Amino acid sequence: MYWSKYFIPTLKDVPIGAEAISHQLSLRAGLVHMLTSGVYSYLPLGLKVLKKIEDIIRDEMQEAGATELFLPVLHPIELWKKTGRDQVLDEVMIKFKDNRGREMCLGPTHEEIITDLVGSFVKSYRQLPVCLYQIQTKFRDELRTRFGIVRACEFIMKDAYSFDRDVEGLKKNYDRMYQAYKNVFKRCGLDVAIIAADSGAMGGDVSHEFLVPAAIGEDTIYHCPSCQYYEGAGETQVEGRDCPSCKKGKLEKQVAIELGHIFQLGTKYSAAQEAFFIDEDGQQKPMIMGCYGIGVSRVIAAIIETNNDKKGIIWPECVSPFDIEIIPIAGGDKSAEINELADRFYQELTAKGFDVLVDDRDETAGFKFNDADLIGIPKRLIVGKKNLANGEVEIKCRRTSEIKLVKIEQAMEALVS
RNA sequence: CGGGGAGUAGCGCAGUUGGCUAGCGCACAUGCUUUGGGAGCAUGGGGUCCCGAGUUCGAGCCUCGGCUCCCCGACCA
């Protein structure tokens, strides 16, 4: 992709009001744009990152035995009245009447919808278990949005739901999801703290939260620096206790961003919505449910929050919007030669399956370097007059700032390795 | 929803005690010169000073009401 034909509106100045680093950088690097408080457009670069994260999630969901579907955003409020959650979630639900006078809402989550769907098709224990997921926009009328896309009114979530005939089945699905979540976050380059948590408005008994310790966040956790033990800030508020795990370190307070939450729901929804099946013994029983959420858009913020320096974002390779950025520095009489060489590298790398961005804009070297630092592509190939004289090009690593000068003929090999 | 801060060109800002035609930097347009860490010169375009009332000879500035955004808290599948 050529920068001049793409759309990456970078900003030199820090936007007013953006205090969190991830908020500043996601705006400055041209990943997202705010329409109104808590509502963001995903620009091409941000969308690419989003898709990369989604791909990782899809891969792990398949591994965990879940199948993708796509549920509606527009819900009749009737469905929510069956479980009473029209009241429980009243404050965050965006409700309105359509032109026919029906009471509708925009889905803040989808337990009721999936339970209605599965309940209408699954009638026998022979059809269980079922595990389904979607990646979908959720709407929550937040009174207070925060930190850009960390807490938005409209955001993207992966939500999975399991249906089993018994608790043993639920636990099996829960464990598979637990493992899938660990894999997803690891593959996104994130170190997560996993904490047994309250079920809140979701209901159910067992639940675990997946949090990323960061400079900002809405959750407080305690962690032990010597053994990496984590615990929630629930009942025990005493600070500076000895670590209950290794007994060596003292617990330290830490804020964190919640990225995932998984629940063993039981029969709360299936009973209220009469999602029954006939078991082997001929008895009619409510299905045993679990639900599993990841704040996909929030993952972007967490990655930026934990992968940046003063100059900009440092993408982990697995979620980077591009693999390699080529920067031709055209100058004077050598311009044609430089652009031609940059173009040749672009063709060859693309042919080998790399996703490459060429900054072909008519800008000075410093301008392009600063933008490159800002958008944070892991590898950079600089083709310029200075090194061309020696038959060399420069390869720079965004994360380590390490620079390698290599002969033109050896550049492909050096980039691919 | 409580507390605090902010709103002047696309972005970041200045604007004195209320006083003349509302400025600066960046960005943008045109031309020339440039090209290894956000280039230089010249010329040019761009304004509902958040909105609405009020005070005043006169309001970007003062008063009242409202809107929007951000931060802290409460809340948060």
# chains A, B, ... in the order shown; residues from 1 in each chain; ligands from 1
$ closest_atom_pairs --of "chain A" --to "chain B" --cutoff "9 Å" --atoms "only C-alpha atoms (C1' of nucleotides)" --output "Markdown table"
| residue | atom | partner | partner_atom | distance |
| --- | --- | --- | --- | --- |
| A:Leu11 | CA | B:C11 | C1' | 7.6 |
| A:Lys12 | CA | B:G38 | C1' | 8.0 |
| A:Asp13 | CA | B:G12 | C1' | 6.1 |
| A:Val14 | CA | B:G12 | C1' | 7.8 |
| A:Pro15 | CA | B:C11 | C1' | 7.7 |
| A:Ile16 | CA | B:C70 | C1' | 8.0 |
| A:Gly17 | CA | B:C70 | C1' | 4.6 |
| A:Ala18 | CA | B:C70 | C1' | 7.2 |
| A:Glu19 | CA | B:C70 | C1' | 8.4 |
| A:Thr36 | CA | B:C69 | C1' | 8.5 |
| A:Ser37 | CA | B:C69 | C1' | 7.2 |
| A:Pro108 | CA | B:A77 | C1' | 7.8 |
| A:Thr109 | CA | B:A77 | C1' | 6.5 |
| A:Glu142 | CA | B:C76 | C1' | 8.5 |
| A:Leu143 | CA | B:C1 | C1' | 8.1 |
| A:Arg144 | CA | B:C75 | C1' | 9.0 |
| A:Ser199 | CA | B:A77 | C1' | 8.7 |
| A:Gly200 | CA | B:A77 | C1' | 7.7 |
| A:Ala201 | CA | B:A77 | C1' | 6.5 |
| A:Met202 | CA | B:A77 | C1' | 5.9 |
| A:His261 | CA | B:A77 | C1' | 8.5 |
| A:Gly293 | CA | B:A77 | C1' | 8.3 |
| A:Ile329 | CA | B:U35 | C1' | 7.1 |
| A:Ala330 | CA | B:U35 | C1' | 6.5 |
| A:Gly331 | CA | B:U35 | C1' | 5.1 |
| A:Gly332 | CA | B:U35 | C1' | 7.6 |
| A:Asp362 | CA | B:U35 | C1' | 8.9 |
| A:Glu363 | CA | B:U35 | C1' | 7.5 |
| A:Thr364 | CA | B:U35 | C1' | 5.1 |
| A:Ala365 | CA | B:G36 | C1' | 5.8 |
| A:Gly366 | CA | B:G37 | C1' | 3.9 |
| A:Phe367 | CA | B:G38 | C1' | 4.4 |
| A:Lys368 | CA | B:G38 | C1' | 8.0 |
| A:Phe369 | CA | B:G37 | C1' | 6.2 |
| A:Asn370 | CA | B:G38 | C1' | 6.5 |
| A:Asp371 | CA | B:G38 | C1' | 8.4 |
| A:Gly384 | CA | B:G36 | C1' | 7.5 |
| A:Lys385 | CA | B:G36 | C1' | 8.7 |
| A:Lys386 | CA | B:G36 | C1' | 7.4 |
$ residues_around --residues "A:Val358" --least-positions-apart "2" --cutoff "6 Å" --atoms "only C-alpha atoms (C1' of nucleotides)" --output "JSON, numbers by chain"
{"A": [2, 3, 325, 326, 360]}
$ select_by_dssp --residues "stretch 294-354 of chain A" --states "strand (DSSP E)" --output "PDB file with C-alpha atoms, in the first residue's frame"
ATOM      1  CA  ILE A 294     -13.776  -9.765  25.113  1.00  0.00           C
ATOM      2  CA  GLY A 295     -13.753  -6.003  24.579  1.00  0.00           C
ATOM      3  CA  ASN A 308       4.701   2.920  23.271  1.00  0.00           C
ATOM      4  CA  ASP A 309       7.480   5.403  23.807  1.00  0.00           C
ATOM      5  CA  GLY A 312       4.595   6.891  19.326  1.00  0.00           C
ATOM      6  CA  ILE A 313       3.170   3.409  19.146  1.00  0.00           C
ATOM      7  CA  ILE A 324       7.101  -3.351   7.021  1.00  0.00           C
ATOM      8  CA  GLU A 325       7.239   0.343   6.169  1.00  0.00           C
ATOM      9  CA  ILE A 326       9.444   1.429   3.303  1.00  0.00           C
ATOM     10  CA  ILE A 327      10.639   5.018   3.373  1.00  0.00           C
ATOM     11  CA  PRO A 328      12.184   6.310   0.182  1.00  0.00           C
ATOM     12  CA  ILE A 329      13.997   9.551   0.754  1.00  0.00           C
TER      13      ILE A 329
END
$ atom_distance --atom1 "atom CA of A:Asp191" --atom2 "atom C1' of B:G73"
28.6 Å
$ residues_around --residues "stretch 42-56 of chain B" --least-positions-apart "4" --cutoff "8 Å" --atoms "only C-alpha atoms (C1' of nucleotides)" --output "ChimeraX atom specification"
/B:7-9,29-30,60,62-68
$ write_last_selection --atoms "C-alpha atoms (C1' of nucleotides)" --output "tab-separated table (two decimals), in the first residue's frame"
chain	number	residue	atom	x	y	z
B	7	G	C1'	-14.82	25.87	24.37
B	8	U	C1'	-11.51	31.88	19.60
B	9	A	C1'	-9.69	29.36	11.56
B	29	A	C1'	-3.41	26.87	-2.02
B	30	U	C1'	0.21	28.92	-5.79
B	60	G	C1'	-14.15	37.44	22.36
B	62	C	C1'	-18.98	41.54	32.16
B	63	U	C1'	-24.10	39.08	34.01
B	64	C	C1'	-27.78	35.16	33.56
B	65	G	C1'	-29.51	30.70	31.16
B	66	G	C1'	-28.34	26.61	28.05
B	67	C	C1'	-25.16	23.15	25.00
B	68	U	C1'	-20.69	20.38	24.20
$ select_by_dssp --residues "stretch 299-412 of chain A" --states "helix (DSSP H, G or I)" --output "PyMOL selection string"
chain A and resi 299-306+317-319+332-351+365-375+385-388+408-412
$ write_last_selection --atoms "C-alpha atoms" --output "mmCIF file, in the first residue's frame"
data_model
loop_
_atom_site.group_PDB
_atom_site.id
_atom_site.type_symbol
_atom_site.label_atom_id
_atom_site.label_comp_id
_atom_site.auth_asym_id
_atom_site.auth_seq_id
_atom_site.Cartn_x
_atom_site.Cartn_y
_atom_site.Cartn_z
ATOM 1 C CA VAL A 299 -7.749 -4.528 23.335
ATOM 2 C CA ILE A 300 -6.348 -1.956 20.891
ATOM 3 C CA ALA A 301 -6.141 0.627 23.661
ATOM 4 C CA ALA A 302 -4.495 -1.853 26.025
ATOM 5 C CA ILE A 303 -1.868 -2.799 23.445
ATOM 6 C CA ILE A 304 -1.022 0.861 22.793
ATOM 7 C CA GLU A 305 -1.024 1.622 26.502
ATOM 8 C CA THR A 306 1.601 -1.080 27.096
ATOM 9 C CA GLU A 317 4.229 -7.792 15.068
ATOM 10 C CA CYS A 318 1.125 -9.973 15.374
ATOM 11 C CA VAL A 319 -1.303 -7.025 15.476
ATOM 12 C CA GLY A 332 17.625 15.691 -6.244
ATOM 13 C CA ASP A 333 19.040 13.779 -9.185
ATOM 14 C CA LYS A 334 18.780 10.369 -7.487
ATOM 15 C CA SER A 335 15.012 10.553 -6.904
ATOM 16 C CA ALA A 336 14.006 8.309 -9.779
ATOM 17 C CA GLU A 337 16.530 5.660 -8.823
ATOM 18 C CA ILE A 338 15.478 5.741 -5.163
ATOM 19 C CA ASN A 339 11.775 5.529 -5.901
ATOM 20 C CA GLU A 340 12.378 2.705 -8.345
ATOM 21 C CA LEU A 341 14.358 0.738 -5.782
ATOM 22 C CA ALA A 342 11.746 1.309 -3.083
ATOM 23 C CA ASP A 343 9.101 0.149 -5.506
ATOM 24 C CA ARG A 344 11.064 -2.981 -6.334
ATOM 25 C CA PHE A 345 11.334 -3.873 -2.632
ATOM 26 C CA TYR A 346 7.615 -3.261 -2.285
ATOM 27 C CA GLN A 347 6.805 -5.654 -5.140
ATOM 28 C CA GLU A 348 9.126 -8.367 -3.880
ATOM 29 C CA LEU A 349 7.999 -8.189 -0.254
ATOM 30 C CA THR A 350 4.338 -8.127 -1.248
ATOM 31 C CA ALA A 351 4.893 -11.161 -3.455
ATOM 32 C CA ALA A 365 13.042 12.757 5.686
ATOM 33 C CA GLY A 366 12.417 13.999 9.213
ATOM 34 C CA PHE A 367 8.716 14.370 8.569
ATOM 35 C CA LYS A 368 8.432 10.773 7.370
ATOM 36 C CA PHE A 369 10.601 9.416 10.180
ATOM 37 C CA ASN A 370 8.450 11.072 12.806
ATOM 38 C CA ASP A 371 5.257 9.764 11.263
ATOM 39 C CA ALA A 372 6.820 6.317 11.028
ATOM 40 C CA ASP A 373 7.708 6.428 14.721
ATOM 41 C CA LEU A 374 4.169 7.570 15.488
ATOM 42 C CA ILE A 375 2.304 4.814 13.629
ATOM 43 C CA LYS A 385 20.818 8.759 -1.350
ATOM 44 C CA LYS A 386 23.251 8.616 1.546
ATOM 45 C CA ASN A 387 23.544 4.850 1.639
ATOM 46 C CA LEU A 388 22.715 4.207 -1.970
ATOM 47 C CA ILE A 408 20.837 -3.967 -1.478
ATOM 48 C CA GLU A 409 21.140 -7.613 -2.566
ATOM 49 C CA GLN A 410 20.989 -8.788 1.061
ATOM 50 C CA ALA A 411 18.134 -6.540 2.161
ATOM 51 C CA MET A 412 15.339 -8.995 1.377
#
$ atom_distance --atom1 "atom CA of A:Pro129" --atom2 "atom CA of A:Glu111"
16.4 Å
$ closest_residue --among "A:His110, A:Arg241, A:Arg126, A:Arg140" --to "A:Glu91" --atoms "only C-alpha atoms"
A:Arg140
$ closest_residue --among "A:Asp159, A:Asp175, A:Asp281, A:Glu252" --to "A:Gln134" --atoms "only C-alpha atoms"
A:Asp159
